[in-house]
Amino acid sequence: MLSESRTELGKIAISQEVIATLAGAAAMECFGLVGMASRRITDGFVELLGQENWSRGVEINIEGNRVFITLHIIVCYGVRISEVARNVMERVKYAVEEVTGLKVERVDVCVQGVQVDMTRAGGQK
């Protein structure tokens, strides 16, 4: 599904994949986030997605000019999960609205796992 709008110059269409990529990139800027998780959990294992797959951890629903976003994330061990989730929600909403001009109605965050971030723990990745 595309978000379409018309101007005096023509039609603008924004795909769900573009919005998902924007949302994933914005989320990754937040402190305490290890990465995006796959939307599917198989056998209790959560897949940590690489940079090229951030959009796979994001679900987008578009109704008119309203956007509903669900993010699947993995947070860093030792951080306050509620604060990380709130920061992700605010950052994603702001980024998507600024870039696309669409109204983000809701951002839901599903924490799929907690992982030790070796860069914060003083180790090497």
# chains A, B, ... in the order shown; residues from 1 in each chain; ligands from 1
$ residues_around --residues "Ile62 of chain A" --least-positions-apart "6" --cutoff "12 Å" --atoms "only C-alpha atoms" --output "list in words"
Met1, Leu2, Ser3, Glu4, Ile14, Ser15, Gln16, Glu17, Ile19, Ala20, Phe68, Ile69, Thr70, Leu102, Lys103, Val104, Glu105 and Arg106 of chain A
$ select_by_dssp --residues "segment 3-117 of chain A" --states "alpha helix (DSSP H)" --output "tab-separated table (two decimals) with N, CA and C atoms, in the first residue's frame"
chain	number	residue	atom	x	y	z
A	16	GLN	N	5.39	1.89	1.78
A	16	GLN	CA	5.56	1.43	3.15
A	16	GLN	C	7.03	1.12	3.45
A	17	GLU	N	7.75	0.62	2.46
A	17	GLU	CA	9.16	0.28	2.63
A	17	GLU	C	9.98	1.53	2.96
A	18	VAL	N	9.68	2.63	2.33
A	18	VAL	CA	10.39	3.89	2.61
A	18	VAL	C	10.12	4.34	4.04
A	19	ILE	N	8.86	4.29	4.45
A	19	ILE	CA	8.50	4.69	5.81
A	19	ILE	C	9.16	3.75	6.83
A	20	ALA	N	9.18	2.46	6.53
A	20	ALA	CA	9.80	1.48	7.43
A	20	ALA	C	11.30	1.73	7.57
A	21	THR	N	11.96	2.06	6.47
A	21	THR	CA	13.39	2.35	6.52
A	21	THR	C	13.66	3.61	7.33
A	22	LEU	N	12.84	4.65	7.13
A	22	LEU	CA	12.98	5.88	7.93
A	22	LEU	C	12.79	5.59	9.42
A	23	ALA	N	11.78	4.82	9.74
A	23	ALA	CA	11.49	4.51	11.14
A	23	ALA	C	12.63	3.69	11.75
A	24	GLY	N	13.14	2.71	11.02
A	24	GLY	CA	14.24	1.90	11.53
A	24	GLY	C	15.51	2.70	11.75
A	25	ALA	N	15.82	3.58	10.81
A	25	ALA	CA	17.02	4.42	10.94
A	25	ALA	C	16.88	5.39	12.12
A	26	ALA	N	15.69	5.97	12.29
A	26	ALA	CA	15.46	6.89	13.40
A	26	ALA	C	15.56	6.16	14.74
A	27	ALA	N	15.01	4.97	14.81
A	27	ALA	CA	15.08	4.20	16.05
A	27	ALA	C	16.51	3.88	16.43
A	28	MET	N	17.34	3.56	15.45
A	28	MET	CA	18.72	3.17	15.72
A	28	MET	C	19.57	4.32	16.26
A	81	ILE	N	14.11	-0.10	30.20
A	81	ILE	CA	13.40	-0.46	28.96
A	81	ILE	C	12.32	0.54	28.63
A	82	SER	N	11.57	1.00	29.64
A	82	SER	CA	10.48	1.95	29.37
A	82	SER	C	11.01	3.26	28.81
A	83	GLU	N	12.16	3.71	29.28
A	83	GLU	CA	12.75	4.96	28.78
A	83	GLU	C	13.24	4.80	27.35
A	84	VAL	N	13.89	3.67	27.07
A	84	VAL	CA	14.35	3.42	25.70
A	84	VAL	C	13.15	3.38	24.76
A	85	ALA	N	12.10	2.66	25.15
A	85	ALA	CA	10.90	2.55	24.31
A	85	ALA	C	10.27	3.92	24.08
A	86	ARG	N	10.17	4.74	25.13
A	86	ARG	CA	9.58	6.08	24.98
A	86	ARG	C	10.42	6.94	24.04
A	87	ASN	N	11.74	6.89	24.19
A	87	ASN	CA	12.62	7.65	23.30
A	87	ASN	C	12.48	7.20	21.86
A	88	VAL	N	12.39	5.90	21.64
A	88	VAL	CA	12.22	5.36	20.29
A	88	VAL	C	10.91	5.86	19.70
A	89	MET	N	9.85	5.80	20.48
A	89	MET	CA	8.53	6.27	20.00
A	89	MET	C	8.58	7.73	19.56
A	90	GLU	N	9.15	8.57	20.42
A	90	GLU	CA	9.20	10.00	20.11
A	90	GLU	C	10.08	10.29	18.89
A	91	ARG	N	11.25	9.66	18.83
A	91	ARG	CA	12.19	9.90	17.73
A	91	ARG	C	11.61	9.43	16.40
A	92	VAL	N	11.00	8.26	16.38
A	92	VAL	CA	10.42	7.71	15.15
A	92	VAL	C	9.26	8.57	14.68
A	93	LYS	N	8.38	8.96	15.59
A	93	LYS	CA	7.23	9.80	15.23
A	93	LYS	C	7.71	11.11	14.60
A	94	TYR	N	8.65	11.76	15.26
A	94	TYR	CA	9.17	13.04	14.76
A	94	TYR	C	9.81	12.87	13.38
A	95	ALA	N	10.68	11.87	13.24
A	95	ALA	CA	11.41	11.69	11.98
A	95	ALA	C	10.48	11.39	10.82
A	96	VAL	N	9.54	10.49	11.01
A	96	VAL	CA	8.63	10.12	9.92
A	96	VAL	C	7.73	11.30	9.54
A	97	GLU	N	7.22	12.01	10.53
A	97	GLU	CA	6.37	13.16	10.22
A	97	GLU	C	7.14	14.26	9.50
A	98	GLU	N	8.37	14.53	9.93
A	98	GLU	CA	9.17	15.58	9.31
A	98	GLU	C	9.53	15.26	7.86
A	99	VAL	N	9.90	14.02	7.60
A	99	VAL	CA	10.37	13.66	6.27
A	99	VAL	C	9.21	13.45	5.29
A	100	THR	N	8.13	12.82	5.75
A	100	THR	CA	7.05	12.46	4.83
A	100	THR	C	5.89	13.44	4.82
$ atom_distance --atom1 "atom CA of Lys11 of chain A" --atom2 "atom CA of Val67 of chain A"
18.5 Å
$ closest_residue --among "A:Ala13, A:Leu71, A:Ala37, A:Cys30" --to "Val114 of chain A" --atoms "only C-alpha atoms"
A:Ala37
$ atom_distance --atom1 "atom CA of Leu33 of chain A" --atom2 "atom CA of Asp108 of chain A"
15.1 Å
$ atom_distance --atom1 "atom CA of Arg56 of chain A" --atom2 "atom CA of Gly35 of chain A"
11.5 Å
